[in-house]
file final_25.tsv (TSV, C-alpha atoms)
chain	number	residue	atom	x	y	z
A	1204	MET	CA	6.97	18.04	-12.96
A	1205	THR	CA	7.07	15.33	-10.35
A	1206	ALA	CA	5.43	11.91	-10.31
A	1207	THR	CA	2.31	11.52	-8.16
A	1208	TYR	CA	2.84	9.38	-5.06
A	1209	THR	CA	-0.17	7.46	-3.72
A	1210	TRP	CA	-0.16	5.67	-0.40
A	1211	ASP	CA	-2.57	2.77	-0.85
A	1212	VAL	CA	-3.59	1.18	2.43
A	1213	PHE	CA	-6.20	-1.24	3.77
A	1214	CYS	CA	-7.64	-1.03	7.28
A	1215	SER	CA	-10.44	-2.06	9.58
A	1216	LEU	CA	-13.09	0.50	10.55
A	1217	ASP	CA	-11.19	1.08	13.80
A	1218	GLY	CA	-8.01	1.96	11.90
A	1219	PHE	CA	-5.88	-1.18	12.15
A	1220	GLY	CA	-3.79	-2.22	9.16
A	1221	SER	CA	-3.63	-5.86	10.17
A	1222	TYR	CA	-4.61	-8.34	12.84
A	1223	GLY	CA	-2.65	-10.60	15.16
A	1224	GLU	CA	-2.21	-14.35	15.15
A	1225	ASP	CA	-5.31	-14.80	17.31
A	1226	GLY	CA	-7.47	-13.19	14.61
A	1227	ASP	CA	-9.22	-15.53	12.18
A	1228	TRP	CA	-10.22	-12.96	9.57
A	1229	GLY	CA	-8.34	-14.11	6.46
A	1230	GLY	CA	-7.24	-11.91	3.58
A	1231	TYR	CA	-9.13	-8.63	3.14
A	1232	TRP	CA	-10.67	-9.41	6.54
A	1233	GLY	CA	-12.84	-11.91	4.66
A	1234	LYS	CA	-14.80	-9.05	3.04
A	1235	GLU	CA	-13.54	-8.98	-0.54
A	1236	GLY	CA	-16.16	-9.13	-3.23
A	1237	PRO	CA	-16.21	-9.00	-7.03
A	1238	GLU	CA	-16.59	-5.21	-7.24
A	1239	PHE	CA	-13.70	-4.64	-4.85
A	1240	LEU	CA	-11.43	-7.12	-6.65
A	1241	ASP	CA	-12.29	-5.54	-10.03
A	1242	ARG	CA	-11.40	-2.14	-8.57
A	1243	ARG	CA	-8.07	-3.46	-7.29
A	1244	LEU	CA	-7.22	-4.76	-10.77
A	1245	ALA	CA	-8.16	-1.39	-12.28
A	1246	VAL	CA	-6.09	0.55	-9.71
A	1247	LEU	CA	-3.07	-1.65	-10.31
A	1248	GLY	CA	-3.59	-1.92	-14.07
A	1249	GLY	CA	-2.03	1.31	-15.23
A	1250	GLU	CA	1.64	2.01	-15.68
A	1251	GLN	CA	3.18	2.73	-12.29
A	1252	ARG	CA	6.00	1.85	-9.92
A	1253	PHE	CA	5.47	0.25	-6.53
A	1254	VAL	CA	7.49	1.62	-3.60
A	1255	LEU	CA	7.72	-0.62	-0.54
A	1256	GLY	CA	9.51	-0.52	2.79
A	1257	ALA	CA	11.49	-3.54	3.98
A	1258	THR	CA	8.85	-4.88	6.40
A	1259	THR	CA	6.06	-4.82	3.82
A	1260	PHE	CA	8.37	-6.29	1.19
A	1261	ARG	CA	9.20	-9.19	3.52
A	1262	GLU	CA	5.46	-9.73	4.10
A	1263	PHE	CA	4.80	-9.69	0.35
A	1264	LEU	CA	7.62	-12.19	-0.18
A	1265	HIS	CA	6.16	-14.42	2.55
A	1266	PHE	CA	2.56	-14.29	1.31
A	1267	LEU	CA	3.08	-13.97	-2.45
A	1268	GLY	CA	6.22	-16.08	-2.79
A	1269	PRO	CA	9.58	-15.48	-4.45
A	1270	ALA	CA	10.16	-14.68	-8.12
A	1271	SER	CA	10.09	-18.33	-9.15
A	1272	GLU	CA	6.54	-18.88	-7.85
A	1273	THR	CA	3.42	-17.91	-9.78
A	1274	LEU	CA	-0.05	-16.96	-8.55
A	1275	LEU	CA	-2.32	-18.60	-11.11
A	1276	ASP	CA	-5.62	-18.06	-9.31
A	1277	ASP	CA	-5.19	-14.50	-8.07
A	1278	PRO	CA	-4.95	-11.77	-10.71
A	1279	VAL	CA	-4.73	-8.95	-8.13
A	1280	ASN	CA	-1.70	-10.40	-6.34
A	1281	THR	CA	-0.17	-11.48	-9.66
A	1282	ARG	CA	-0.38	-7.88	-10.85
A	1283	MET	CA	1.10	-6.52	-7.60
A	1284	LYS	CA	3.93	-9.01	-7.80
A	1285	ASN	CA	4.77	-8.06	-11.37
A	1286	LEU	CA	4.74	-4.27	-11.06
A	1287	PRO	CA	8.16	-2.62	-11.27
A	1288	THR	CA	9.06	-2.23	-7.59
A	1289	THR	CA	11.51	-0.13	-5.60
A	1290	VAL	CA	12.25	-1.50	-2.14
A	1291	VAL	CA	13.63	1.06	0.32
A	1292	SER	CA	15.75	-0.64	2.97
A	1293	THR	CA	18.94	-0.41	4.97
A	1294	THR	CA	18.70	-4.07	6.06
A	1295	LEU	CA	17.86	-6.12	2.94
A	1296	GLU	CA	20.56	-7.40	0.60
A	1297	ASP	CA	20.65	-7.80	-3.18
A	1298	PRO	CA	19.55	-9.75	-5.06
A	1299	LEU	CA	15.87	-9.48	-4.12
A	1300	ASP	CA	13.96	-12.62	-5.08
A	1301	TRP	CA	11.17	-10.63	-6.73
A	1302	PRO	CA	10.41	-9.86	-10.37
A	1303	ASP	CA	11.55	-6.40	-11.48
A	1304	ALA	CA	12.58	-5.21	-7.99
A	1305	THR	CA	15.27	-2.64	-7.28
A	1306	LEU	CA	16.80	-2.16	-3.85
A	1307	GLU	CA	17.39	1.46	-2.81
A	1308	ARG	CA	19.45	2.08	0.31
A	1309	GLY	CA	19.11	5.17	2.41
A	1310	ASP	CA	16.48	7.30	4.02
A	1311	ALA	CA	13.02	6.81	2.48
A	1312	VAL	CA	12.39	10.56	2.32
A	1313	ASP	CA	15.52	11.09	0.22
A	1314	VAL	CA	14.84	8.05	-1.98
A	1315	VAL	CA	11.20	8.95	-2.66
A	1316	ARG	CA	12.00	12.63	-3.24
A	1317	ARG	CA	14.45	11.53	-5.95
A	1318	LEU	CA	12.00	8.96	-7.39
A	1319	LYS	CA	9.26	11.61	-7.62
A	1320	GLU	CA	11.64	13.84	-9.61
A	1321	GLU	CA	12.91	11.07	-11.90
A	1322	SER	CA	10.00	8.68	-12.45
A	1323	PRO	CA	8.11	8.93	-15.74
A	1324	VAL	CA	5.19	6.99	-14.17
A	1325	PRO	CA	3.12	7.47	-10.99
A	1326	LEU	CA	4.39	5.93	-7.76
A	1327	ARG	CA	2.21	3.78	-5.49
A	1328	SER	CA	2.99	2.28	-2.13
A	1329	HIS	CA	0.91	-0.35	-0.40
A	1330	GLY	CA	1.09	-0.70	3.38
A	1331	SER	CA	4.59	0.28	4.50
A	1332	LEU	CA	3.04	2.17	7.40
A	1333	SER	CA	6.03	3.72	9.15
A	1334	MET	CA	7.73	4.64	5.88
A	1335	ASN	CA	4.58	6.33	4.53
A	1336	ARG	CA	3.91	8.22	7.75
A	1337	ALA	CA	7.42	9.68	7.43
A	1338	LEU	CA	6.80	10.50	3.76
A	1339	MET	CA	3.55	12.25	4.66
A	1340	ALA	CA	5.33	14.34	7.29
A	1341	ALA	CA	7.85	15.34	4.60
A	1342	GLY	CA	5.04	16.38	2.22
A	1343	LEU	CA	5.79	13.65	-0.32
A	1344	VAL	CA	2.45	11.79	-0.28
A	1345	ASP	CA	0.09	13.31	-2.84
A	1346	ARG	CA	-2.82	10.96	-2.20
A	1347	ILE	CA	-3.93	8.52	0.46
A	1348	GLN	CA	-6.13	5.81	-0.99
A	1349	ILE	CA	-7.62	4.00	1.98
A	1350	SER	CA	-9.89	0.96	1.73
A	1351	ILE	CA	-11.92	0.53	4.90
A	1352	PHE	CA	-13.26	-2.95	5.51
A	1353	PRO	CA	-16.48	-3.33	7.52
A	1354	VAL	CA	-14.95	-4.93	10.59
A	1355	VAL	CA	-13.91	-3.79	14.06
A	1356	THR	CA	-10.74	-5.50	15.23
A	1357	GLY	CA	-10.59	-4.12	18.75
A	1358	ARG	CA	-9.28	-7.38	20.23
A	1359	THR	CA	-7.13	-8.68	17.38
A	1360	GLY	CA	-6.15	-5.51	15.48
A	1361	THR	CA	-2.47	-4.62	15.09
A	1362	ASP	CA	-0.57	-1.88	13.30
A	1363	PRO	CA	-2.65	1.30	13.69
A	1364	VAL	CA	-2.40	2.86	10.23
A	1365	PHE	CA	-1.95	6.42	11.48
A	1366	GLY	CA	-0.50	5.65	14.91
A	1367	GLY	CA	2.26	8.14	15.65
A	1368	ALA	CA	1.59	10.18	12.50
A	1369	ALA	CA	1.67	13.96	12.44
A	1370	ASP	CA	-1.63	15.88	12.24
A	1371	PHE	CA	-3.10	16.29	8.74
A	1372	ASP	CA	-6.05	17.93	7.09
A	1373	LEU	CA	-7.55	15.73	4.38
A	1374	GLU	CA	-9.33	16.88	1.23
A	1375	LEU	CA	-11.67	14.18	-0.09
A	1376	LEU	CA	-11.02	13.62	-3.81
A	1377	GLU	CA	-13.01	10.41	-4.40
A	1378	SER	CA	-15.22	7.96	-2.55
A	1379	HIS	CA	-16.54	4.58	-3.63
A	1380	THR	CA	-18.48	1.74	-2.05
A	1381	PHE	CA	-17.83	-1.78	-3.28
A	1382	ASP	CA	-20.05	-4.82	-2.82
A	1383	GLY	CA	-22.32	-2.74	-0.58
A	1384	ARG	CA	-19.82	-2.75	2.27
A	1385	THR	CA	-16.20	-1.76	1.60
A	1386	GLN	CA	-15.36	1.96	1.41
A	1387	GLU	CA	-12.54	3.38	-0.65
A	1388	LEU	CA	-11.65	6.98	0.13
A	1389	VAL	CA	-9.01	9.00	-1.71
A	1390	TYR	CA	-7.67	12.06	0.08
A	1391	ARG	CA	-5.09	14.78	-0.53
A	1392	PRO	CA	-3.20	15.22	2.79
A	1393	THR	CA	-1.92	18.57	3.99
A	1394	LEU	CA	0.14	18.95	7.15
A	1395	HIS	CA	-2.05	20.65	9.76
A	1396	GLY	CA	-0.84	23.90	11.21
call {"tool": "encode", "arguments": {"input": "final_25.tsv", "output": "structure tokens"}}
result
Amino acid sequence: MTATYTWDVFCSLDGFGSYGEDGDWGGYWGKEGPEFLDRRLAVLGGEQRFVLGATTFREFLHFLGPASETLLDDPVNTRMKNLPTTVVSTTLEDPLDWPDATLERGDAVDVVRRLKEESPVPLRSHGSLSMNRALMAAGLVDRIQISIFPVVTGRTGTDPVFGGAADFDLELLESHTFDGRTQELVYRPTLHG
């Protein structure tokens, strides 16, 4: 039996995973609400292992701070920061300044295939767009959990979530609306064709 791997990703309605320096949106595109934040705590609350690529890990380190810093006012980010984490990278060096982080060198497909076989807990990745597109193409992503924020970032949007991905059919497993505006959709991806 293999561990379930969930790719957890946020995006704008037009499919961008982030926005550029000229965007003034703020975190969660300024659209977080109490229901959404409660859901994030619930999603991150169970036993699991985070799997991040190097670029997303560097962003987390920049925004959430190194191991010595605490996030007293933000339980969601505190939980993310304190999950056991595997960072897949060929460029980062040990030690990683992050609580309970392990650096795995090599190809992400090989690393995640091994983690899925060995992990006693589910695996979850957040962001890590290029890594997760490669994992989807290799059939290693069991679920895509996508939170769609009610914004269009046509001028400031960067990082198309599925830009350059293979073609996939998606089976809808769950759908939720939080705070009357933010959609969370959970899909099972299957390579098309």
call {"tool": "atom_distance", "arguments": {"input": "final_25.tsv", "atom1": "atom CA of A:Ser1271", "atom2": "atom CA of A:Ser1292"}}
result
22.2 Å
call {"tool": "atom_distance", "arguments": {"input": "final_25.tsv", "atom1": "atom CA of A:Gly1218", "atom2": "atom CA of A:Thr1281"}}
result
26.6 Å
call {"tool": "closest_residue", "arguments": {"input": "final_25.tsv", "among": "A:Glu1235, A:Asp1300, A:Glu1262, A:Glu1320", "to": "A:Val1279", "atoms": "only C-alpha atoms"}}
result
A:Glu1235
call {"tool": "atom_distance", "arguments": {"input": "final_25.tsv", "atom1": "atom CA of A:Val1212", "atom2": "atom CA of A:Val1344"}}
result
12.5 Å
call {"tool": "closest_residue", "arguments": {"input": "final_25.tsv", "among": "A:Tyr1208, A:Asp1382, A:Leu1240, A:Lys1284", "to": "A:His1265", "atoms": "all atoms listed in the file"}}
result
A:Lys1284
call {"tool": "closest_residue", "arguments": {"input": "final_25.tsv", "among": "A:Met1283, A:Ala1257, A:Leu1338, A:Leu1332", "to": "A:Asp1362", "atoms": "all atoms listed in the file"}}
result
A:Leu1332
call {"tool": "closest_residue", "arguments": {"input": "final_25.tsv", "among": "A:His1329, A:Met1339, A:Phe1352, A:Arg1358", "to": "A:Ala1311", "atoms": "all atoms listed in the file"}}
result
A:Met1339
call {"tool": "closest_residue", "arguments": {"input": "final_25.tsv", "among": "A:Val1389, A:Val1354, A:Ala1245, A:Leu1267", "to": "A:Leu1373", "atoms": "all atoms listed in the file"}}
result
A:Val1389
call {"tool": "residues_around", "arguments": {"input": "final_25.tsv", "residues": "A:Val1315", "least_positions_apart": "2", "cutoff": "10 Å", "atoms": "all atoms listed in the file", "output": "ChimeraX atom specification"}}
result
/A:1208,1254,1289,1291,1307,1310-1313,1317-1322,1326,1338,1343-1344
call {"tool": "closest_residue", "arguments": {"input": "final_25.tsv", "among": "A:Ala1206, A:Leu1306, A:Leu1295, A:Leu1216", "to": "A:Gly1357", "atoms": "only C-alpha atoms"}}
result
A:Leu1216
call {"tool": "residues_around", "arguments": {"input": "final_25.tsv", "residues": "A:Ala1270", "least_positions_apart": "2", "cutoff": "8 Å", "atoms": "all atoms listed in the file", "output": "list in words"}}
result
Gly1268, Glu1272, Thr1273, Asp1300, Trp1301 and Pro1302 of chain A
call {"tool": "residues_around", "arguments": {"input": "final_25.tsv", "residues": "A:Glu1387", "least_positions_apart": "6", "cutoff": "6 Å", "atoms": "all atoms listed in the file", "output": "PyMOL selection string"}}
result
chain A and resi 1349-1350+1378-1379
call {"tool": "write_last_selection", "arguments": {"input": "final_25.tsv", "atoms": "C-alpha atoms", "output": "CSV table (one decimal), keeping the file's coordinate frame"}}
result
chain,number,residue,atom,x,y,z
A,1349,ILE,CA,-7.6,4.0,2.0
A,1350,SER,CA,-9.9,1.0,1.7
A,1378,SER,CA,-15.2,8.0,-2.6
A,1379,HIS,CA,-16.5,4.6,-3.6
call {"tool": "residues_around", "arguments": {"input": "final_25.tsv", "residues": "A:Val1355", "least_positions_apart": "5", "cutoff": "10 Å", "atoms": "all atoms listed in the file", "output": "PyMOL selection string"}}
result
chain A and resi 1214-1219+1232+1360
call {"tool": "residues_around", "arguments": {"input": "final_25.tsv", "residues": "A:Arg1282", "least_positions_apart": "3", "cutoff": "8 Å", "atoms": "only C-alpha atoms", "output": "compact mmCIF listing (two decimals) with C-alpha atoms, keeping the file's coordinate frame"}}
result
# COMPACT_ATOMS: atom_id res chain seq x y z
CA LEU A 1244 -7.22 -4.76 -10.77
CA LEU A 1247 -3.07 -1.65 -10.31
CA GLY A 1248 -3.59 -1.92 -14.07
CA PRO A 1278 -4.95 -11.77 -10.71
CA VAL A 1279 -4.73 -8.95 -8.13
CA ASN A 1285 4.77 -8.06 -11.37
CA LEU A 1286 4.74 -4.27 -11.06
call {"tool": "build_atoms", "arguments": {"input": "final_25.tsv", "residues": "stretch 1261-1272 of chain A", "atoms": "all heavy atoms", "output": "PDB file, in the coordinates of the input"}}
result
ATOM      1  N   ARG A1261       9.044  -7.846   2.941  1.00  0.00           N
ATOM      2  CA  ARG A1261       9.200  -9.190   3.520  1.00  0.00           C
ATOM      3  C   ARG A1261       7.845  -9.893   3.639  1.00  0.00           C
ATOM      4  O   ARG A1261       7.745 -11.093   3.391  1.00  0.00           O
ATOM      5  CB  ARG A1261       9.861  -9.098   4.900  1.00  0.00           C
ATOM      6  CG  ARG A1261      11.339  -8.804   4.853  1.00  0.00           C
ATOM      7  CD  ARG A1261      11.942  -8.821   6.268  1.00  0.00           C
ATOM      8  NE  ARG A1261      13.291  -8.324   6.261  1.00  0.00           N
ATOM      9  CZ  ARG A1261      13.650  -7.106   6.648  1.00  0.00           C
ATOM     10  NH1 ARG A1261      12.758  -6.245   7.106  1.00  0.00           N
ATOM     11  NH2 ARG A1261      14.917  -6.737   6.600  1.00  0.00           N
ATOM     12  N   GLU A1262       6.803  -9.143   4.017  1.00  0.00           N
ATOM     13  CA  GLU A1262       5.460  -9.730   4.100  1.00  0.00           C
ATOM     14  C   GLU A1262       4.976 -10.154   2.721  1.00  0.00           C
ATOM     15  O   GLU A1262       4.403 -11.227   2.564  1.00  0.00           O
ATOM     16  CB  GLU A1262       4.487  -8.749   4.745  1.00  0.00           C
ATOM     17  CG  GLU A1262       4.735  -8.552   6.221  1.00  0.00           C
ATOM     18  CD  GLU A1262       3.886  -7.441   6.825  1.00  0.00           C
ATOM     19  OE1 GLU A1262       3.081  -6.818   6.099  1.00  0.00           O
ATOM     20  OE2 GLU A1262       4.045  -7.200   8.031  1.00  0.00           O
ATOM     21  N   PHE A1263       5.187  -9.324   1.717  1.00  0.00           N
ATOM     22  CA  PHE A1263       4.800  -9.690   0.350  1.00  0.00           C
ATOM     23  C   PHE A1263       5.534 -10.960  -0.067  1.00  0.00           C
ATOM     24  O   PHE A1263       4.934 -11.864  -0.651  1.00  0.00           O
ATOM     25  CB  PHE A1263       5.141  -8.559  -0.622  1.00  0.00           C
ATOM     26  CG  PHE A1263       4.087  -7.507  -0.762  1.00  0.00           C
ATOM     27  CD1 PHE A1263       3.234  -7.179   0.270  1.00  0.00           C
ATOM     28  CD2 PHE A1263       3.953  -6.811  -1.944  1.00  0.00           C
ATOM     29  CE1 PHE A1263       2.263  -6.201   0.139  1.00  0.00           C
ATOM     30  CE2 PHE A1263       2.995  -5.831  -2.111  1.00  0.00           C
ATOM     31  CZ  PHE A1263       2.149  -5.526  -1.065  1.00  0.00           C
ATOM     32  N   LEU A1264       6.821 -11.016   0.194  1.00  0.00           N
ATOM     33  CA  LEU A1264       7.620 -12.190  -0.180  1.00  0.00           C
ATOM     34  C   LEU A1264       7.086 -13.431   0.528  1.00  0.00           C
ATOM     35  O   LEU A1264       6.955 -14.495  -0.082  1.00  0.00           O
ATOM     36  CB  LEU A1264       9.088 -11.950   0.175  1.00  0.00           C
ATOM     37  CG  LEU A1264      10.100 -12.908  -0.419  1.00  0.00           C
ATOM     38  CD1 LEU A1264      10.014 -12.928  -1.939  1.00  0.00           C
ATOM     39  CD2 LEU A1264      11.507 -12.511   0.017  1.00  0.00           C
ATOM     40  N   HIS A1265       6.702 -13.291   1.786  1.00  0.00           N
ATOM     41  CA  HIS A1265       6.160 -14.420   2.550  1.00  0.00           C
ATOM     42  C   HIS A1265       4.822 -14.876   1.982  1.00  0.00           C
ATOM     43  O   HIS A1265       4.592 -16.071   1.774  1.00  0.00           O
ATOM     44  CB  HIS A1265       6.024 -14.026   4.023  1.00  0.00           C
ATOM     45  CG  HIS A1265       5.323 -15.042   4.861  1.00  0.00           C
ATOM     46  ND1 HIS A1265       5.932 -16.205   5.288  1.00  0.00           N
ATOM     47  CD2 HIS A1265       4.052 -15.092   5.325  1.00  0.00           C
ATOM     48  CE1 HIS A1265       5.069 -16.915   5.991  1.00  0.00           C
ATOM     49  NE2 HIS A1265       3.920 -16.262   6.024  1.00  0.00           N
ATOM     50  N   PHE A1266       3.909 -13.928   1.729  1.00  0.00           N
ATOM     51  CA  PHE A1266       2.560 -14.290   1.310  1.00  0.00           C
ATOM     52  C   PHE A1266       2.423 -14.536  -0.198  1.00  0.00           C
ATOM     53  O   PHE A1266       1.594 -15.338  -0.623  1.00  0.00           O
ATOM     54  CB  PHE A1266       1.540 -13.222   1.738  1.00  0.00           C
ATOM     55  CG  PHE A1266       1.297 -13.242   3.212  1.00  0.00           C
ATOM     56  CD1 PHE A1266       1.769 -12.212   4.010  1.00  0.00           C
ATOM     57  CD2 PHE A1266       0.617 -14.293   3.807  1.00  0.00           C
ATOM     58  CE1 PHE A1266       1.562 -12.228   5.389  1.00  0.00           C
ATOM     59  CE2 PHE A1266       0.409 -14.322   5.178  1.00  0.00           C
ATOM     60  CZ  PHE A1266       0.879 -13.294   5.973  1.00  0.00           C
ATOM     61  N   LEU A1267       3.211 -13.835  -1.000  1.00  0.00           N
ATOM     62  CA  LEU A1267       3.080 -13.970  -2.450  1.00  0.00           C
ATOM     63  C   LEU A1267       4.153 -14.845  -3.063  1.00  0.00           C
ATOM     64  O   LEU A1267       4.067 -15.181  -4.243  1.00  0.00           O
ATOM     65  CB  LEU A1267       3.098 -12.583  -3.109  1.00  0.00           C
ATOM     66  CG  LEU A1267       2.026 -11.607  -2.633  1.00  0.00           C
ATOM     67  CD1 LEU A1267       2.151 -10.288  -3.380  1.00  0.00           C
ATOM     68  CD2 LEU A1267       0.641 -12.190  -2.784  1.00  0.00           C
ATOM     69  N   GLY A1268       5.185 -15.186  -2.300  1.00  0.00           N
ATOM     70  CA  GLY A1268       6.220 -16.080  -2.790  1.00  0.00           C
ATOM     71  C   GLY A1268       7.310 -15.373  -3.569  1.00  0.00           C
ATOM     72  O   GLY A1268       7.147 -14.232  -4.003  1.00  0.00           O
ATOM     73  N   PRO A1269       8.451 -16.054  -3.724  1.00  0.00           N
ATOM     74  CA  PRO A1269       9.580 -15.480  -4.450  1.00  0.00           C
ATOM     75  C   PRO A1269       9.321 -15.414  -5.956  1.00  0.00           C
ATOM     76  O   PRO A1269       8.283 -15.869  -6.446  1.00  0.00           O
ATOM     77  CB  PRO A1269      10.731 -16.437  -4.124  1.00  0.00           C
ATOM     78  CG  PRO A1269      10.062 -17.727  -3.775  1.00  0.00           C
ATOM     79  CD  PRO A1269       8.735 -17.373  -3.175  1.00  0.00           C
ATOM     80  N   ALA A1270      10.287 -14.892  -6.683  1.00  0.00           N
ATOM     81  CA  ALA A1270      10.160 -14.680  -8.120  1.00  0.00           C
ATOM     82  C   ALA A1270       9.815 -15.950  -8.878  1.00  0.00           C
ATOM     83  O   ALA A1270       9.104 -15.920  -9.873  1.00  0.00           O
ATOM     84  CB  ALA A1270      11.442 -14.061  -8.685  1.00  0.00           C
ATOM     85  N   SER A1271      10.294 -17.082  -8.426  1.00  0.00           N
ATOM     86  CA  SER A1271      10.090 -18.330  -9.150  1.00  0.00           C
ATOM     87  C   SER A1271       8.668 -18.883  -9.012  1.00  0.00           C
ATOM     88  O   SER A1271       8.278 -19.771  -9.751  1.00  0.00           O
ATOM     89  CB  SER A1271      11.095 -19.379  -8.671  1.00  0.00           C
ATOM     90  OG  SER A1271      10.909 -19.600  -7.280  1.00  0.00           O
ATOM     91  N   GLU A1272       7.894 -18.379  -8.057  1.00  0.00           N
ATOM     92  CA  GLU A1272       6.540 -18.880  -7.850  1.00  0.00           C
ATOM     93  C   GLU A1272       5.527 -18.013  -8.592  1.00  0.00           C
ATOM     94  O   GLU A1272       5.689 -16.818  -8.726  1.00  0.00           O
ATOM     95  CB  GLU A1272       6.195 -18.877  -6.355  1.00  0.00           C
ATOM     96  CG  GLU A1272       7.020 -19.866  -5.553  1.00  0.00           C
ATOM     97  CD  GLU A1272       6.652 -19.858  -4.084  1.00  0.00           C
ATOM     98  OE1 GLU A1272       5.571 -19.360  -3.722  1.00  0.00           O
ATOM     99  OE2 GLU A1272       7.469 -20.350  -3.293  1.00  0.00           O
TER     100      GLU A1272
END
